[in-house]
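protein_19.pdb (PDB, C-alpha atoms) appears below.
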```
MODEL        1
ATOM      1  CA  MET G 706     149.459 162.744  89.408
ATOM      2  CA  LYS G 707     147.619 161.297  86.446
ATOM      3  CA  THR G 708     145.789 158.159  87.548
ATOM      4  CA  CYS G 709     143.744 155.384  85.980
ATOM      5  CA  PHE G 710     141.338 153.148  87.909
ATOM      6  CA  ILE G 711     140.771 149.753  86.279
ATOM      7  CA  LEU G 712     137.578 148.148  87.570
ATOM      8  CA  ASN G 713     136.662 144.515  87.015
ATOM      9  CA  PRO G 714     132.902 144.403  87.711
ATOM     10  CA  ARG G 715     132.961 140.583  87.741
ATOM     11  CA  SER G 716     135.619 140.146  90.440
ATOM     12  CA  GLY G 717     134.667 138.588  93.778
ATOM     13  CA  HIS G 718     132.639 141.097  95.795
ATOM     14  CA  ASN G 719     132.208 143.442  92.815
ATOM     15  CA  VAL G 720     129.520 141.199  91.336
ATOM     16  CA  ARG G 721     127.301 142.257  94.244
ATOM     17  CA  ARG G 722     128.220 145.952  93.894
ATOM     18  CA  PRO G 723     126.459 147.348  90.815
ATOM     19  CA  TRP G 724     126.922 150.807  92.382
ATOM     20  CA  LEU G 725     130.721 150.533  92.539
ATOM     21  CA  ALA G 726     131.552 152.383  89.310
ATOM     22  CA  GLY G 727     129.449 155.352  90.435
ATOM     23  CA  PHE G 728     131.074 155.236  93.873
ATOM     24  CA  ILE G 729     134.557 155.440  92.329
ATOM     25  CA  ARG G 730     133.549 158.305  90.024
ATOM     26  CA  ASP G 731     132.233 160.211  93.051
ATOM     27  CA  PHE G 732     135.472 159.443  94.910
ATOM     28  CA  ILE G 733     137.498 160.850  92.002
ATOM     29  CA  LEU G 734     135.359 163.996  91.924
ATOM     30  CA  VAL G 735     135.355 164.629  95.673
ATOM     31  CA  SER G 736     139.099 163.948  95.930
ATOM     32  CA  SER G 737     139.837 166.284  92.972
ATOM     33  CA  LEU G 738     141.925 163.612  91.275
ATOM     34  CA  ASP G 739     143.323 163.831  87.765
ATOM     35  CA  ALA G 740     141.935 160.385  87.062
ATOM     36  CA  GLU G 741     139.719 158.293  84.853
ATOM     37  CA  LEU G 742     137.814 155.071  85.456
ATOM     38  CA  VAL G 743     137.819 152.274  82.874
ATOM     39  CA  THR G 744     136.044 148.930  83.107
ATOM     40  CA  THR G 745     137.226 145.526  81.921
ATOM     41  CA  GLU G 746     135.097 143.622  79.446
ATOM     42  CA  GLY G 747     136.714 140.189  79.590
ATOM     43  CA  PRO G 748     139.853 138.154  80.256
ATOM     44  CA  ARG G 749     143.203 139.938  79.702
ATOM     45  CA  HIS G 750     141.455 143.252  79.043
ATOM     46  CA  ALA G 751     142.989 144.791  82.188
ATOM     47  CA  THR G 752     146.481 144.359  80.701
ATOM     48  CA  ASP G 753     145.504 146.244  77.552
ATOM     49  CA  LEU G 754     143.834 148.985  79.574
ATOM     50  CA  ALA G 755     146.894 149.372  81.790
ATOM     51  CA  ARG G 756     149.239 149.604  78.808
ATOM     52  CA  SER G 757     147.043 152.242  77.221
ATOM     53  CA  ALA G 758     146.983 154.211  80.482
ATOM     54  CA  ILE G 759     150.783 154.154  80.735
ATOM     55  CA  ALA G 760     151.103 155.252  77.117
ATOM     56  CA  ALA G 761     148.738 158.146  77.929
ATOM     57  CA  GLY G 762     151.078 159.288  80.706
ATOM     58  CA  CYS G 763     149.437 157.800  83.800
ATOM     59  CA  GLU G 764     151.779 157.557  86.777
ATOM     60  CA  ARG G 765     149.478 155.463  88.969
ATOM     61  CA  ILE G 766     147.360 152.519  87.800
ATOM     62  CA  ILE G 767     144.844 151.223  90.351
ATOM     63  CA  ALA G 768     143.407 147.713  90.036
ATOM     64  CA  VAL G 769     139.941 147.348  91.577
ATOM     65  CA  GLY G 770     139.267 143.639  91.673
ATOM     66  CA  GLY G 771     140.618 140.274  92.745
ATOM     67  CA  ASP G 772     143.889 138.446  92.245
ATOM     68  CA  GLY G 773     143.225 137.938  88.543
ATOM     69  CA  THR G 774     142.649 141.656  87.971
ATOM     70  CA  MET G 775     145.771 142.422  90.001
ATOM     71  CA  ASN G 776     147.781 139.991  87.885
ATOM     72  CA  GLU G 777     146.548 141.308  84.539
ATOM     73  CA  THR G 778     147.099 144.939  85.532
ATOM     74  CA  ALA G 779     150.524 144.319  87.059
ATOM     75  CA  GLN G 780     151.728 142.554  83.902
ATOM     76  CA  ALA G 781     151.710 145.902  82.110
ATOM     77  CA  LEU G 782     153.617 147.609  84.933
ATOM     78  CA  VAL G 783     156.584 145.247  85.324
ATOM     79  CA  ASN G 784     159.762 147.319  84.866
ATOM     80  CA  SER G 785     157.650 150.409  84.256
ATOM     81  CA  PRO G 786     158.124 153.683  86.190
ATOM     82  CA  ALA G 787     154.365 153.745  86.856
ATOM     83  CA  SER G 788     153.173 152.455  90.229
ATOM     84  CA  LEU G 789     150.379 150.008  90.985
ATOM     85  CA  GLY G 790     147.651 150.629  93.552
ATOM     86  CA  LEU G 791     145.459 147.791  94.814
ATOM     87  CA  VAL G 792     141.831 147.936  95.900
ATOM     88  CA  PRO G 793     141.283 144.283  96.894
ATOM     89  CA  CYS G 794     137.789 143.055  96.033
ATOM     90  CA  GLY G 795     138.414 139.361  95.395
ATOM     91  CA  SER G 796     137.890 136.160  97.340
ATOM     92  CA  GLY G 797     141.504 135.695  98.462
ATOM     93  CA  ASN G 798     143.475 138.948  98.106
ATOM     94  CA  GLY G 799     146.686 137.213  99.198
ATOM     95  CA  LEU G 800     149.170 139.873  98.070
ATOM     96  CA  ALA G 801     147.106 142.734  99.502
ATOM     97  CA  LEU G 802     146.783 140.985 102.872
ATOM     98  CA  HIS G 803     150.503 140.229 102.948
ATOM     99  CA  LEU G 804     151.292 143.901 102.340
ATOM    100  CA  GLY G 805     148.759 145.151 104.893
ATOM    101  CA  ILE G 806     146.639 146.963 102.299
ATOM    102  CA  PRO G 807     143.188 147.819 103.732
ATOM    103  CA  THR G 808     140.322 145.596 102.676
ATOM    104  CA  GLY G 809     137.730 148.313 103.329
ATOM    105  CA  LEU G 810     136.708 149.961 100.070
ATOM    106  CA  ARG G 811     137.117 153.637 100.990
ATOM    107  CA  ALA G 812     140.360 153.085 102.922
ATOM    108  CA  ALA G 813     141.854 151.091 100.040
ATOM    109  CA  LEU G 814     140.832 153.727  97.476
ATOM    110  CA  THR G 815     142.296 156.500  99.624
ATOM    111  CA  LEU G 816     145.649 154.735  99.985
ATOM    112  CA  ALA G 817     145.863 153.675  96.343
ATOM    113  CA  ALA G 818     145.156 157.193  95.025
ATOM    114  CA  ASP G 819     147.369 159.115  97.483
ATOM    115  CA  LYS G 820     150.129 160.812  95.486
ATOM    116  CA  ASN G 821     152.258 160.972  98.643
ATOM    117  CA  ALA G 822     151.739 157.319  99.555
ATOM    118  CA  ARG G 823     154.667 155.031 100.172
ATOM    119  CA  VAL G 824     155.779 153.153  97.029
ATOM    120  CA  ALA G 825     157.905 150.014  97.349
ATOM    121  CA  ALA G 826     159.673 147.876  94.762
ATOM    122  CA  ILE G 827     158.623 144.243  95.066
ATOM    123  CA  ASP G 828     159.804 141.091  93.358
ATOM    124  CA  THR G 829     157.751 139.352  90.695
ATOM    125  CA  GLY G 830     157.842 135.808  89.379
ATOM    126  CA  SER G 831     157.305 133.973  86.125
ATOM    127  CA  ALA G 832     156.335 130.370  85.388
ATOM    128  CA  ASN G 833     157.176 129.294  81.840
ATOM    129  CA  GLY G 834     157.128 132.996  81.011
ATOM    130  CA  ARG G 835     153.730 133.691  82.594
ATOM    131  CA  PRO G 836     153.980 136.434  85.237
ATOM    132  CA  PHE G 837     152.743 135.968  88.786
ATOM    133  CA  PHE G 838     152.892 138.352  91.711
ATOM    134  CA  ASN G 839     151.545 136.391  94.663
ATOM    135  CA  ALA G 840     151.675 132.655  93.945
ATOM    136  CA  MET G 841     151.688 129.964  91.287
ATOM    137  CA  GLY G 842     151.096 126.264  91.642
ATOM    138  CA  CYS G 843     150.492 122.919  90.019
ATOM    139  CA  GLY G 844     148.730 119.695  90.946
ATOM    140  CA  PHE G 845     145.902 120.050  93.476
ATOM    141  CA  ASP G 846     146.570 123.798  93.645
ATOM    142  CA  ALA G 847     145.780 124.283  89.970
ATOM    143  CA  GLU G 848     142.756 121.973  90.053
ATOM    144  CA  ILE G 849     141.231 124.021  92.887
ATOM    145  CA  SER G 850     141.749 127.193  90.831
ATOM    146  CA  ARG G 851     140.179 125.617  87.745
ATOM    147  CA  ARG G 852     137.040 124.626  89.640
ATOM    148  CA  PHE G 853     136.819 127.870  91.574
ATOM    149  CA  ASN G 854     137.017 129.978  88.411
ATOM    150  CA  ARG G 855     133.886 128.284  87.081
ATOM    151  CA  LEU G 856     131.779 129.476  90.017
ATOM    152  CA  VAL G 857     129.412 132.407  89.709
ATOM    153  CA  ARG G 858     129.150 132.985  93.467
ATOM    154  CA  ARG G 859     132.467 132.839  95.296
ATOM    155  CA  GLY G 860     133.831 133.274  98.813
ATOM    156  CA  LEU G 861     135.528 131.247 101.531
ATOM    157  CA  ALA G 862     132.570 128.858 101.969
ATOM    158  CA  ALA G 863     132.478 128.148  98.237
ATOM    159  CA  TYR G 864     136.241 127.636  98.262
ATOM    160  CA  ALA G 865     135.873 125.065 101.054
ATOM    161  CA  ARG G 866     133.189 123.144  99.137
ATOM    162  CA  ILE G 867     135.316 123.125  96.001
ATOM    163  CA  GLY G 868     138.311 121.970  98.036
ATOM    164  CA  ILE G 869     136.450 118.986  99.493
ATOM    165  CA  SER G 870     135.110 117.842  96.122
ATOM    166  CA  ALA G 871     138.513 118.261  94.471
ATOM    167  CA  PHE G 872     140.200 116.395  97.322
ATOM    168  CA  ARG G 873     137.944 113.385  96.773
ATOM    169  CA  ALA G 874     139.161 113.263  93.165
ATOM    170  CA  ARG G 875     142.802 114.078  94.007
ATOM    171  CA  ARG G 876     145.761 112.519  92.247
ATOM    172  CA  SER G 877     149.380 112.473  93.292
ATOM    173  CA  GLU G 878     152.208 112.962  90.820
ATOM    174  CA  TRP G 879     155.853 111.934  90.798
ATOM    175  CA  THR G 880     157.846 115.151  90.649
ATOM    176  CA  LEU G 881     161.469 116.216  90.345
ATOM    177  CA  ILE G 882     162.244 119.613  91.861
ATOM    178  CA  HIS G 883     165.502 121.385  91.098
ATOM    179  CA  GLY G 884     166.423 124.528  93.015
ATOM    180  CA  ALA G 885     168.205 126.026  96.007
ATOM    181  CA  GLY G 886     171.246 123.920  95.143
ATOM    182  CA  ARG G 887     169.294 120.655  95.482
ATOM    183  CA  THR G 888     167.317 118.117  93.498
ATOM    184  CA  GLU G 889     164.401 116.422  95.228
ATOM    185  CA  ALA G 890     162.395 113.496  93.846
ATOM    186  CA  LEU G 891     159.055 112.954  95.552
ATOM    187  CA  SER G 892     155.400 112.182  95.062
ATOM    188  CA  THR G 893     153.380 115.376  95.434
ATOM    189  CA  LEU G 894     149.798 116.437  95.951
ATOM    190  CA  LEU G 895     150.713 119.997  95.033
ATOM    191  CA  VAL G 896     153.664 122.264  94.455
ATOM    192  CA  ALA G 897     153.258 125.978  95.160
ATOM    193  CA  VAL G 898     155.812 128.711  94.542
ATOM    194  CA  THR G 899     155.047 131.975  96.297
ATOM    195  CA  ASN G 900     156.199 135.552  96.397
ATOM    196  CA  SER G 901     154.176 136.473  99.501
ATOM    197  CA  ASP G 902     153.461 134.301 102.529
ATOM    198  CA  GLN G 903     149.843 133.404 101.807
ATOM    199  CA  TYR G 904     147.206 132.298  99.350
ATOM    200  CA  GLY G 905     144.717 134.702 100.928
ATOM    201  CA  ASN G 906     142.137 134.624 103.731
ATOM    202  CA  GLY G 907     144.954 133.986 106.214
ATOM    203  CA  ALA G 908     146.053 130.669 104.638
ATOM    204  CA  LEU G 909     149.809 130.932 105.261
ATOM    205  CA  ILE G 910     151.359 128.556 102.735
ATOM    206  CA  ALA G 911     154.881 130.050 103.083
ATOM    207  CA  PRO G 912     155.268 131.627 106.535
ATOM    208  CA  GLY G 913     158.093 134.138 106.622
ATOM    209  CA  ALA G 914     158.203 134.699 102.862
ATOM    210  CA  ARG G 915     159.018 138.234 101.719
ATOM    211  CA  VAL G 916     158.202 140.038  98.470
ATOM    212  CA  ASP G 917     161.440 142.039  98.407
ATOM    213  CA  ASP G 918     164.198 139.505  99.171
ATOM    214  CA  GLY G 919     165.020 138.531  95.573
ATOM    215  CA  GLN G 920     163.832 134.962  96.193
ATOM    216  CA  LEU G 921     160.732 132.803  95.863
ATOM    217  CA  ASP G 922     159.471 130.163  98.286
ATOM    218  CA  LEU G 923     158.606 126.667  97.081
ATOM    219  CA  VAL G 924     156.271 124.473  99.131
ATOM    220  CA  ALA G 925     155.701 120.881  98.012
ATOM    221  CA  VAL G 926     153.054 118.830  99.830
ATOM    222  CA  ARG G 927     153.289 115.056  99.779
ATOM    223  CA  PRO G 928     150.094 112.988  99.307
ATOM    224  CA  VAL G 929     147.649 112.982 102.231
ATOM    225  CA  ASN G 930     144.370 111.281 103.091
ATOM    226  CA  PHE G 931     141.392 112.805 104.887
ATOM    227  CA  ALA G 932     142.807 111.978 108.316
ATOM    228  CA  SER G 933     146.235 113.491 107.670
ATOM    229  CA  ALA G 934     144.801 116.470 105.741
ATOM    230  CA  ALA G 935     143.009 117.903 108.784
ATOM    231  CA  PRO G 936     146.127 118.666 110.862
ATOM    232  CA  LEU G 937     147.837 119.987 107.724
ATOM    233  CA  ILE G 938     144.986 122.457 107.133
ATOM    234  CA  ALA G 939     145.226 123.535 110.765
ATOM    235  CA  ARG G 940     148.956 124.150 110.305
ATOM    236  CA  LEU G 941     148.172 126.166 107.160
ATOM    237  CA  PHE G 942     146.044 128.673 109.069
ATOM    238  CA  LEU G 943     148.285 128.677 112.139
ATOM    239  CA  GLY G 944     151.380 129.533 110.092
ATOM    240  CA  LYS G 945     153.096 126.242 110.951
ATOM    241  CA  ILE G 946     152.850 124.270 107.715
ATOM    242  CA  SER G 947     156.627 124.341 107.146
ATOM    243  CA  GLY G 948     157.078 122.139 110.241
ATOM    244  CA  SER G 949     155.026 119.274 108.832
ATOM    245  CA  PRO G 950     156.969 116.137 107.772
ATOM    246  CA  ARG G 951     154.680 116.028 104.726
ATOM    247  CA  VAL G 952     155.982 119.381 103.455
ATOM    248  CA  LEU G 953     159.171 120.259 101.576
ATOM    249  CA  ARG G 954     160.138 123.930 101.795
ATOM    250  CA  LEU G 955     162.832 125.532  99.619
ATOM    251  CA  ARG G 956     163.837 129.123  98.943
ATOM    252  CA  GLY G 957     165.634 130.283  95.816
ATOM    253  CA  ALA G 958     165.739 132.531  92.760
ATOM    254  CA  ARG G 959     164.981 129.774  90.241
ATOM    255  CA  PHE G 960     163.213 126.421  90.290
ATOM    256  CA  LEU G 961     162.644 123.751  87.664
ATOM    257  CA  ILE G 962     159.715 121.399  88.244
ATOM    258  CA  GLU G 963     159.663 118.177  86.197
ATOM    259  CA  ARG G 964     156.254 116.517  86.142
ATOM    260  CA  SER G 965     155.295 113.160  84.675
ATOM    261  CA  ALA G 966     153.128 114.769  81.979
ATOM    262  CA  PRO G 967     151.904 118.157  80.738
ATOM    263  CA  GLY G 968     149.089 119.685  82.733
ATOM    264  CA  LEU G 969     147.592 122.675  84.491
ATOM    265  CA  ILE G 970     149.362 125.373  86.400
ATOM    266  CA  HIS G 971     147.874 128.486  87.929
ATOM    267  CA  THR G 972     149.343 131.974  88.199
ATOM    268  CA  ASP G 973     147.572 134.054  90.850
ATOM    269  CA  GLY G 974     144.558 131.792  90.479
ATOM    270  CA  GLU G 975     144.291 131.896  86.676
ATOM    271  CA  THR G 976     144.836 128.468  85.071
ATOM    272  CA  HIS G 977     146.855 127.546  81.988
ATOM    273  CA  GLU G 978     147.817 124.324  80.241
ATOM    274  CA  THR G 979     151.571 123.977  80.000
ATOM    275  CA  GLY G 980     154.285 121.384  79.445
ATOM    276  CA  ALA G 981     155.662 118.808  81.842
ATOM    277  CA  LEU G 982     158.606 121.115  82.615
ATOM    278  CA  VAL G 983     157.799 124.279  84.551
ATOM    279  CA  GLU G 984     160.594 126.828  84.897
ATOM    280  CA  ILE G 985     160.078 129.432  87.593
ATOM    281  CA  ARG G 986     162.181 132.558  87.995
ATOM    282  CA  VAL G 987     162.210 135.589  90.262
ATOM    283  CA  HIS G 988     162.572 139.114  88.867
ATOM    284  CA  PRO G 989     163.848 141.206  91.767
ATOM    285  CA  HIS G 990     162.338 144.607  92.547
ATOM    286  CA  SER G 991     160.557 144.769  89.190
ATOM    287  CA  LEU G 992     157.172 146.205  90.236
ATOM    288  CA  ARG G 993     156.427 149.507  91.987
ATOM    289  CA  LEU G 994     153.483 149.088  94.321
ATOM    290  CA  VAL G 995     151.680 151.392  96.761
ATOM    291  CA  VAL G 996     151.886 150.044 100.321
ATOM    292  CA  PRO G 997     150.911 151.326 103.778
ATOM    293  CA  LEU G 998     153.555 153.035 105.890
ATOM    294  CA  THR G 999     153.433 150.042 108.233
ATOM    295  CA  SER G1000     154.004 147.441 105.502
ATOM    296  CA  ARG G1001     156.794 144.939 106.078
ATOM    297  CA  VAL G1002     158.350 145.744 102.680
ATOM    298  CA  ARG G1003     161.696 147.507 103.053
ATOM    299  CA  SER G1004     162.538 148.426  99.453
ATOM    300  CA  ASP G1005     161.089 151.942  99.161
ATOM    301  CA  VAL G1006     161.555 153.754  95.855
ATOM    302  CA  PRO G1007     161.593 157.481  95.075
ATOM    303  CA  ALA G1008     158.361 159.298  94.265
ATOM    304  CA  PRO G1009     156.841 158.060  90.995
ATOM    305  CA  VAL G1010     158.468 159.279  87.791
ATOM    306  CA  ARG G1011     156.178 160.220  84.941
ATOM    307  CA  ALA G1012     155.648 157.077  82.875
ATOM    308  CA  THR G1013     156.348 157.113  79.147
ATOM    309  CA  ALA G1014     156.183 153.451  78.198
ATOM    310  CA  SER G1015     155.516 149.998  79.581
ATOM    311  CA  HIS G1016     157.904 147.095  79.398
ATOM    312  CA  PRO G1017     155.971 143.888  80.073
TER     313      PRO G1017
ENDMDL
END
```
Go through the file and emit its structure as structure tokens.
Amino acid sequence: MKTCFILNPRSGHNVRRPWLAGFIRDFILVSSLDAELVTTEGPRHATDLARSAIAAGCERIIAVGGDGTMNETAQALVNSPASLGLVPCGSGNGLALHLGIPTGLRAALTLAADKNARVAAIDTGSANGRPFFNAMGCGFDAEISRRFNRLVRRGLAAYARIGISAFRARRSEWTLIHGAGRTEALSTLLVAVTNSDQYGNGALIAPGARVDDGQLDLVAVRPVNFASAAPLIARLFLGKISGSPRVLRLRGARFLIERSAPGLIHTDGETHETGALVEIRVHPHSLRLVVPLTSRVRSDVPAPVRATASHP
């Protein structure tokens, strides 16, 4: 099985691992893999590298990095016969945690490169045409991502500090949400639409969400103050946020979010300026992804077929 490892040396934990490229090359050699290692040099480079790998006949593309690296790599694999392997090295790793992919480096590499590993077809999403694979969001969600992406040193503690400072400067927004056969008008702190059940680090924003049900989960949070935010955060990590009276939860294949003005959205943590209207769609079973045998995903696919082209 011809394989390509795409390493982002600037992702999350990778910044503190200058030895990682050599470690992966040794892993390829010891495992007798028909594989190459390529390294990203900047934003969106992983997408180009993945497309080139598919064109060269690679059947497995392995993203070694955080959610941004996963997103960029997966963009090239949507509706492609090639399969995606994940070696989670970021600060959140929401999709990997949802799927039960190991967070240990050697275990993740071993699973991702196993030609006999289980491959499942998962849903993907798009927001105004921008692909996402774990979650997208607007409002407070996007502002957190914008601030976090500016940090040199990341992690859960840094995320908490960013969250507190952003919360002090928070703004609510009047929002119309169309989807799931309903229209809801409400003031929102944030609106998140997820494929998996979590942001990462065990923060369960959409408990019960599945990546293979042909639907996305929308979670809108009404404005809160410091006193009401604390129990909401507790619910987030306890998997009980959907029961809060401050939360609207919908499930559907398509959503239209009408905001009062253009602004930021994020897709898997990467921020973009976009219009006041945000159209979100699901693309069922459009990405082949390596998962553990114990993963909750049910939509197994046959063994990988040799890739000849990508269809982003």
Evaluate the PyMOL selection byres ((chain G and resi 828-841) around 6) and report residues as a ChimeraX atom specification: /G:800,827,842,897-901,916-917,971-973,983-991
Residues returned when the PyMOL selection byres ((chain G and resi 802) around 10) runs on this file, as a PyMOL selection string: chain G and resi 793+797-801+803-808+901-907
At most 7 Å is the cut-off: for each residue in stretch 946-990 of chain G with any atom that close to an atom of stretch 844-851 of chain G, write down the nearest atom pair and the distance in Å rounded to one decimal, counting only C-alpha atoms, chain first then increasing number, as CSV.
```
residue,atom,partner,partner_atom,distance
G:Leu969,CA,G:Ala847,CA,6.0
G:Ile970,CA,G:Ala847,CA,5.2
G:His971,CA,G:Ala847,CA,5.1
G:Gly974,CA,G:Ser850,CA,5.4
G:Glu975,CA,G:Ser850,CA,6.8
G:Thr976,CA,G:Arg851,CA,6.1
```
To one decimal place, how far is atom CA of G:Leu754 from atom CA of G:Ile711 in Å? 7.4 Å
If we count all atoms listed in the file and set the cut-off at 10 Å, which residues sit around G:Thr880, ignoring sequence neighbours fewer than 6 positions away in its own chain? Please answer as an NGL selection string. :G and (889-896 or 925 or 962-966 or 981)
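Restricting the calculation to all atoms listed in the file, the smallest distance between G:Leu992 and any of G:Ser796, G:Gln920, G:Asn784, G:Thr888 is found for G:Asn784.
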Taking the file as shown, find all residues satisfying the PyMOL selection byres ((chain G and resi 954) around 10) and write them as number ranges by chain. G: 896-898, 910-911, 922-926, 946-949, 952-953, 955-956
Selected residues, C-alpha atoms, written as an mmCIF file, in the frame of the given file, please.
```cif
data_model
loop_
_atom_site.group_PDB
_atom_site.id
_atom_site.type_symbol
_atom_site.label_atom_id
_atom_site.label_comp_id
_atom_site.auth_asym_id
_atom_site.auth_seq_id
_atom_site.Cartn_x
_atom_site.Cartn_y
_atom_site.Cartn_z
ATOM 1 C CA VAL G 896 153.664 122.264 94.455
ATOM 2 C CA ALA G 897 153.258 125.978 95.160
ATOM 3 C CA VAL G 898 155.812 128.711 94.542
ATOM 4 C CA ILE G 910 151.359 128.556 102.735
ATOM 5 C CA ALA G 911 154.881 130.050 103.083
ATOM 6 C CA ASP G 922 159.471 130.163 98.286
ATOM 7 C CA LEU G 923 158.606 126.667 97.081
ATOM 8 C CA VAL G 924 156.271 124.473 99.131
ATOM 9 C CA ALA G 925 155.701 120.881 98.012
ATOM 10 C CA VAL G 926 153.054 118.830 99.830
ATOM 11 C CA ILE G 946 152.850 124.270 107.715
ATOM 12 C CA SER G 947 156.627 124.341 107.146
ATOM 13 C CA GLY G 948 157.078 122.139 110.241
ATOM 14 C CA SER G 949 155.026 119.274 108.832
ATOM 15 C CA VAL G 952 155.982 119.381 103.455
ATOM 16 C CA LEU G 953 159.171 120.259 101.576
ATOM 17 C CA LEU G 955 162.832 125.532 99.619
ATOM 18 C CA ARG G 956 163.837 129.123 98.943
#
```
Counting only C-alpha atoms, closest pick from G:Leu961, G:Pro967, G:Cys709, G:Asn776 relative to G:Pro748 is G:Asn776
Figure out the distance between atom CA of G:Val1006 and atom CA of G:Val769, please, to one decimal in Å.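 These two atoms are separated by 22.9 Å.
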Selection near G:Arg1003, 9 Å with all atoms listed in the file, sequence-local residues under 2 positions removed, as a PDB file with C-alpha atoms, keeping the file's coordinate frame:
```pdb
ATOM      1  CA  ALA G 825     157.905 150.014  97.349  1.00  0.00           C
ATOM      2  CA  ALA G 826     159.673 147.876  94.762  1.00  0.00           C
ATOM      3  CA  ASP G 917     161.440 142.039  98.407  1.00  0.00           C
ATOM      4  CA  SER G1000     154.004 147.441 105.502  1.00  0.00           C
ATOM      5  CA  ARG G1001     156.794 144.939 106.078  1.00  0.00           C
ATOM      6  CA  ASP G1005     161.089 151.942  99.161  1.00  0.00           C
TER       7      ASP G1005
END
```
Hey, can you check how far atom CA of G:Leu782 sits from atom CA of G:Arg993? 7.8 Å
Using the atoms already present, construct N, CA, C and O atoms for stretch 808-820 of chain G and hand them back as a PDB file, in the frame of the given file.
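Written file, part08.pdb:
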```pdb
ATOM      1  N   THR G 808     141.345 146.305 103.447  1.00  0.00           N
ATOM      2  CA  THR G 808     140.322 145.596 102.676  1.00  0.00           C
ATOM      3  C   THR G 808     139.017 146.387 102.610  1.00  0.00           C
ATOM      4  O   THR G 808     138.138 146.051 101.815  1.00  0.00           O
ATOM      5  N   GLY G 809     138.884 147.429 103.434  1.00  0.00           N
ATOM      6  CA  GLY G 809     137.730 148.313 103.329  1.00  0.00           C
ATOM      7  C   GLY G 809     137.828 149.160 102.072  1.00  0.00           C
ATOM      8  O   GLY G 809     138.897 149.671 101.736  1.00  0.00           O
ATOM      9  N   LEU G 810     136.706 149.320 101.381  1.00  0.00           N
ATOM     10  CA  LEU G 810     136.708 149.961 100.070  1.00  0.00           C
ATOM     11  C   LEU G 810     137.242 151.386 100.115  1.00  0.00           C
ATOM     12  O   LEU G 810     138.169 151.748  99.376  1.00  0.00           O
ATOM     13  N   ARG G 811     136.697 152.231 100.967  1.00  0.00           N
ATOM     14  CA  ARG G 811     137.117 153.637 100.990  1.00  0.00           C
ATOM     15  C   ARG G 811     138.567 153.776 101.440  1.00  0.00           C
ATOM     16  O   ARG G 811     139.322 154.560 100.864  1.00  0.00           O
ATOM     17  N   ALA G 812     138.977 153.000 102.445  1.00  0.00           N
ATOM     18  CA  ALA G 812     140.360 153.085 102.922  1.00  0.00           C
ATOM     19  C   ALA G 812     141.334 152.638 101.841  1.00  0.00           C
ATOM     20  O   ALA G 812     142.410 153.238 101.661  1.00  0.00           O
ATOM     21  N   ALA G 813     140.979 151.581 101.102  1.00  0.00           N
ATOM     22  CA  ALA G 813     141.854 151.091 100.040  1.00  0.00           C
ATOM     23  C   ALA G 813     141.949 152.100  98.898  1.00  0.00           C
ATOM     24  O   ALA G 813     143.031 152.336  98.350  1.00  0.00           O
ATOM     25  N   LEU G 814     140.825 152.705  98.529  1.00  0.00           N
ATOM     26  CA  LEU G 814     140.832 153.727  97.476  1.00  0.00           C
ATOM     27  C   LEU G 814     141.679 154.923  97.894  1.00  0.00           C
ATOM     28  O   LEU G 814     142.468 155.454  97.086  1.00  0.00           O
ATOM     29  N   THR G 815     141.551 155.337  99.137  1.00  0.00           N
ATOM     30  CA  THR G 815     142.296 156.500  99.624  1.00  0.00           C
ATOM     31  C   THR G 815     143.792 156.242  99.580  1.00  0.00           C
ATOM     32  O   THR G 815     144.574 157.099  99.135  1.00  0.00           O
ATOM     33  N   LEU G 816     144.220 155.069 100.032  1.00  0.00           N
ATOM     34  CA  LEU G 816     145.649 154.735  99.985  1.00  0.00           C
ATOM     35  C   LEU G 816     146.138 154.643  98.553  1.00  0.00           C
ATOM     36  O   LEU G 816     147.180 155.222  98.199  1.00  0.00           O
ATOM     37  N   ALA G 817     145.410 153.920  97.713  1.00  0.00           N
ATOM     38  CA  ALA G 817     145.863 153.675  96.343  1.00  0.00           C
ATOM     39  C   ALA G 817     146.011 154.964  95.543  1.00  0.00           C
ATOM     40  O   ALA G 817     146.894 155.076  94.684  1.00  0.00           O
ATOM     41  N   ALA G 818     145.157 155.962  95.821  1.00  0.00           N
ATOM     42  CA  ALA G 818     145.156 157.193  95.025  1.00  0.00           C
ATOM     43  C   ALA G 818     146.006 158.309  95.633  1.00  0.00           C
ATOM     44  O   ALA G 818     146.146 159.372  95.019  1.00  0.00           O
ATOM     45  N   ASP G 819     146.591 158.077  96.796  1.00  0.00           N
ATOM     46  CA  ASP G 819     147.369 159.115  97.483  1.00  0.00           C
ATOM     47  C   ASP G 819     148.699 159.342  96.774  1.00  0.00           C
ATOM     48  O   ASP G 819     149.545 158.454  96.730  1.00  0.00           O
ATOM     49  N   LYS G 820     148.895 160.536  96.224  1.00  0.00           N
ATOM     50  CA  LYS G 820     150.129 160.812  95.486  1.00  0.00           C
ATOM     51  C   LYS G 820     151.356 160.811  96.379  1.00  0.00           C
ATOM     52  O   LYS G 820     152.489 160.668  95.898  1.00  0.00           O
TER      53      LYS G 820
END
```
